[in-house]
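Heads up, the thing below is written out as structure tokens.
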Amino acid sequence: MTFIRAEHLIKTYRTGEVDVSAIKGMDFTIEPKSFVAFVGPSGSGKTTLLNMIGCLDHPTSGKLTVIDTDVEALDRRAAADFRGANIGFIFQDFNLIPVLTAYENIEYPLLMVQDWDASRRRARVIELLEAVGMSDQADKRPDQLSGGQKQRVAVARALATQPKLVLADEPTANLDHDTAYRILELMKKMRDEFGTTFIFSTHDPKIMGEAEVTFALEDGRLVNGGGARA
Amino acid sequence: MLKILKLAARNLARYQRRTLLTTLLIVLGVLAVLLFVSVSGSFKRLIVGQITDSMLGHVEVHRRGYVASIDNLPLNLNMAPAMVAKVDDALQHMDSVEAWSPRLKFGAMFSTFTETTSIRLNGVDPAREAATCPLMLKRFLQGTPNGGLVERGKVLIPDILATGMKIKVGDMVVLVATNLDGSVNGKTFVVQGVLDSVTGPGGRDGYINLDDARELLRLTEPEVSEIAIRLKNPQKIAAAAAAIRQALAGVTDKQGRPALEVHTWDQLTPFASIASMIDLLTLFIKIMLVGIVLISIMNVMVMAVYERIREIGTIAAIGTRPGRVLTLFMTEGLLLGVVGAVIGVALSLAGIYALNAAHLSFNFARQQFTLAPTVGVGDVLVVSVTVIVVAMLASLQPAWKASRMDPITALRHV
């Protein structure tokens, strides 16, 4: 089975009296354990596509299958359960919970989404803190961390529940180039270490070069259908 | 649940000023209610205690129809000796009864030889009356309660009469009463004491010895108008009255109907409606507390949801179930309610202790009340549970909104 398959995927939004076509018919497949980038300018449909793959949104028509699951068939609660079990998220603005420490932010999905017991939780959080190089910052709250450190914590949080897929929407947009590259290196390392599929979106041409598979989007269409980097 | 509590506590701590203000409002509300309940309860107990302990007793037994005609003090509705004996027998076997006192009530003319007026008189057994209404002994403004309460040949008169007719202890007066057969009889008495007037029926009555009353009325049988009863535990008055009614149900008239009626003090005095008003006021204060808690917590939670929309989007996106989001926000409301209630109750108890320690006294006319506020476990529980439940209800709508939020819309929120 293909890890992710989109067939004639269309997404149309209603904004006031106007229908806006965000995705205008896309077909693609993504294999497991790949490191994929959706690239394109603002408004090209990257975020909409990631939202649908992340089961946060439904296609208007066409079919989208993620990890053997038809996204269209998931109701609100089932979608939440599916995300909690299979998908990790990394956000452009990090979106860490401000009242929790780095340790607790990573622990959050294990505690509130998957109900891991205390000893397993602790072992997993420590493992991830070490993996992302944040062991010495475990007790700091987000406002005490730099942008790069916050995104490292966000990567660790996304991986906490051992998801099969991590979606990152413009994960490097708020970081300087050096930090951005380090975050991408970290994501690749995590992919290698945990076998997780990473899909990220970016509009930065330098960053897109880090992907092993690239889908270029323009005005809601694929203009380069999943070219693999040599 | 512990993890949600911990997270909710941290969320509240992040908006310290707002959380403190809301908690303060709840604390003030709880404090106001419990202090009002305790102080008004103290006044109510004092006034009720004075009415029951200085004239009415807790429960009274009359012949059927007597209370309906009580303004006329009808001698033809007195209890016959056989009935009185049955009541005595029944009361002797009741653990809830502390004492009881037979009374012969009648209207009379009161003359100082120069002036004449009317008076309502109670013929009482001094020792039994003092045991049933112990505060009678404290109503003496002049004179002393010799002979248990009132000696043979002597009369206790209300101060309003003594003042109006310039009578003092030791003065000779004449009491003239109309007998059951319509004839009139008079007898001289010496004023033994002047009694402080108290609120309610019988508060301005005079007292003579029961035997003197029978002589004055020329009664051949030892009949009585009423029997006042003092209970060991006035809090259980309803149950005690019911037991007395049941015990006396066998005393019937010629038609086989119950011959006696049993009334509790609140059925015999208009002050019962004032007591009900105090209860109503307390209820209104409690409703105001509900309003305060509802509005303050709802305000906090609505703001909390509005300010954390992106955060809600994040936790929803990473797979937190809507039910857990709902629980998280409701727990924040619950915590506010619990903390406010606990601090409010603690401060209220401290305030009540301080009021008791201060021995505050108030004078109403010539009656002095020393404030002795207390609050029952029931009141504390009712107020605390109300606050906590209302706090949770107040957070329900914002929490529901948070749990139903579309993650994409929430994540886009600036």
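In the structure tokens, each chain is lettered A, B, ... as it comes, each chain's residues begin at 1, and ligands are numbered from 1 in order of appearance.
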Can you tell me, as a ChimeraX atom specification, what residues are no more than 8 Å from region 5-18 of chain B when counting only C-alpha atoms, ignoring any on the same chain fewer than 5 positions away? /A:99 /B:300,328-329,331-332,335
Residue selection dump (N, CA and C atoms) as a PDB file, in the first residue's frame:
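part.pdb, freshly written:
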ATOM      1  N   VAL A  99       2.656  27.828  29.299  1.00  0.00           N
ATOM      2  CA  VAL A  99       2.779  27.580  30.746  1.00  0.00           C
ATOM      3  C   VAL A  99       3.563  26.311  31.057  1.00  0.00           C
TER       4      VAL A  99
ATOM      5  N   VAL B 300     -14.100  35.420  33.094  1.00  0.00           N
ATOM      6  CA  VAL B 300     -12.720  34.919  33.052  1.00  0.00           C
ATOM      7  C   VAL B 300     -12.564  33.834  31.988  1.00  0.00           C
ATOM      8  N   LEU B 328     -10.661  20.341  30.343  1.00  0.00           N
ATOM      9  CA  LEU B 328      -9.580  21.227  30.765  1.00  0.00           C
ATOM     10  C   LEU B 328     -10.126  22.598  31.162  1.00  0.00           C
ATOM     11  N   PHE B 329     -10.967  23.175  30.314  1.00  0.00           N
ATOM     12  CA  PHE B 329     -11.479  24.513  30.611  1.00  0.00           C
ATOM     13  C   PHE B 329     -12.473  24.483  31.778  1.00  0.00           C
ATOM     14  N   THR B 331     -12.322  22.461  34.217  1.00  0.00           N
ATOM     15  CA  THR B 331     -11.517  22.275  35.427  1.00  0.00           C
ATOM     16  C   THR B 331     -10.966  23.609  35.917  1.00  0.00           C
ATOM     17  N   GLU B 332     -10.643  24.482  34.967  1.00  0.00           N
ATOM     18  CA  GLU B 332     -10.174  25.820  35.374  1.00  0.00           C
ATOM     19  C   GLU B 332     -11.275  26.541  36.152  1.00  0.00           C
ATOM     20  N   LEU B 335     -11.612  24.900  39.564  1.00  0.00           N
ATOM     21  CA  LEU B 335     -10.549  25.298  40.486  1.00  0.00           C
ATOM     22  C   LEU B 335     -10.815  26.678  41.068  1.00  0.00           C
TER      23      LEU B 335
END
Residues of chain A that have any atom at most 6 Å from an atom of chain B: could you tabulate them with the shortest-distance atom pair and the distance in Å to one decimal, using only C-alpha atoms, ordered by chain and increasing number, as a tab-separated table?
residue	atom	partner	partner_atom	distance
A:Ala80	CA	B:Gly319	CA	4.4
A:Asp81	CA	B:Gly319	CA	5.8
A:Arg83	CA	B:Gly319	CA	5.0
A:Gly84	CA	B:Gly319	CA	3.9
A:Val113	CA	B:Thr320	CA	5.1
Kindly save the residues from that selection, with C-alpha atoms included, as a tab-separated table (two decimals), in the first residue's frame.
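Final file, result05.tsv:
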chain	number	residue	atom	x	y	z
A	80	ALA	CA	-8.60	13.69	16.45
A	81	ASP	CA	-7.90	10.07	17.39
A	83	ARG	CA	-4.00	12.46	14.38
A	84	GLY	CA	-3.16	11.57	17.96
A	113	VAL	CA	-3.57	12.38	23.88
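Take the candidates A:Thr12, A:Asn95, A:Ser119, A:Gln144 and check each one against Gly62 (chain A) using only C-alpha atoms; the shortest distance goes to A:Thr12.
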If you count only C-alpha atoms, which residues fall within 6 Å of Leu141 (chain B), apart from same-chain ones fewer than 5 positions away, as JSON, numbers by chain? {"B": [194, 195, 196]}
Would you save the residues from that selection as a compact mmCIF listing (two decimals), in the first residue's frame, using N, CA and C atoms?
# COMPACT_ATOMS: atom_id res chain seq x y z
N VAL B 194 -42.90 43.77 88.24
CA VAL B 194 -43.23 44.42 86.97
C VAL B 194 -42.39 43.73 85.89
N LEU B 195 -43.07 43.25 84.85
CA LEU B 195 -42.38 42.46 83.81
C LEU B 195 -42.08 43.31 82.57
N ASP B 196 -40.92 43.06 82.02
CA ASP B 196 -40.56 43.68 80.74
C ASP B 196 -41.50 43.16 79.65
Would you pick out the contacts of region 27-34 of chain B at 7 Å or less, using only C-alpha atoms, so that residues sharing its chain but fewer than 4 positions from it are not included, and give the list as a VMD selection string? chain B and resid 23 38 285 to 286 289 292 340 to 341 343 to 345 347 to 348
Mind checking which residues fall within 12 Å of Ala123 (chain A), counting only C-alpha atoms, ignoring those fewer than 5 positions away in the same chain, and posting them as an NGL selection string? :A and (103 or 106-107 or 110 or 116-118 or 128-130 or 160)
Can you build me a table of region 57-163 of chain B residues sitting at most 12 Å from region 249-271 of chain B, with the closest atom pair per residue and its distance in Å to one decimal, using only C-alpha atoms, sorted by chain and residue number, as a tab-separated table?
residue	atom	partner	partner_atom	distance
B:Gly57	CA	B:Trp265	CA	6.8
B:His58	CA	B:Trp265	CA	5.2
B:Val59	CA	B:Thr264	CA	4.4
B:Glu60	CA	B:His263	CA	5.4
B:Val61	CA	B:Val262	CA	4.6
B:His62	CA	B:Glu261	CA	5.3
B:Arg63	CA	B:Leu260	CA	4.4
B:Arg64	CA	B:Leu260	CA	4.9
B:Gly65	CA	B:Glu261	CA	8.0
B:Tyr66	CA	B:Glu261	CA	8.5
B:Val67	CA	B:Leu268	CA	8.2
B:Ala68	CA	B:Leu268	CA	10.3
B:Ile70	CA	B:Leu268	CA	9.9
B:Asp71	CA	B:Leu268	CA	11.6
B:Leu77	CA	B:Ala259	CA	10.4
B:Asn78	CA	B:Leu260	CA	10.4
B:Met79	CA	B:Leu260	CA	8.4
B:Ala80	CA	B:Ala259	CA	10.5
B:Ala82	CA	B:Val251	CA	9.5
B:Met83	CA	B:Val251	CA	7.0
B:Val84	CA	B:Val251	CA	10.0
B:Ala85	CA	B:Val251	CA	10.5
B:Lys86	CA	B:Val251	CA	7.5
B:Val87	CA	B:Val251	CA	8.6
B:Asp89	CA	B:Val251	CA	11.6
B:Ala90	CA	B:Gly250	CA	10.4
Alpha helix (DSSP H) positions in region 1-213 of chain B, given as a ChimeraX atom specification: /B:2-14,16-51,81-92,126-132,159-164,210-213
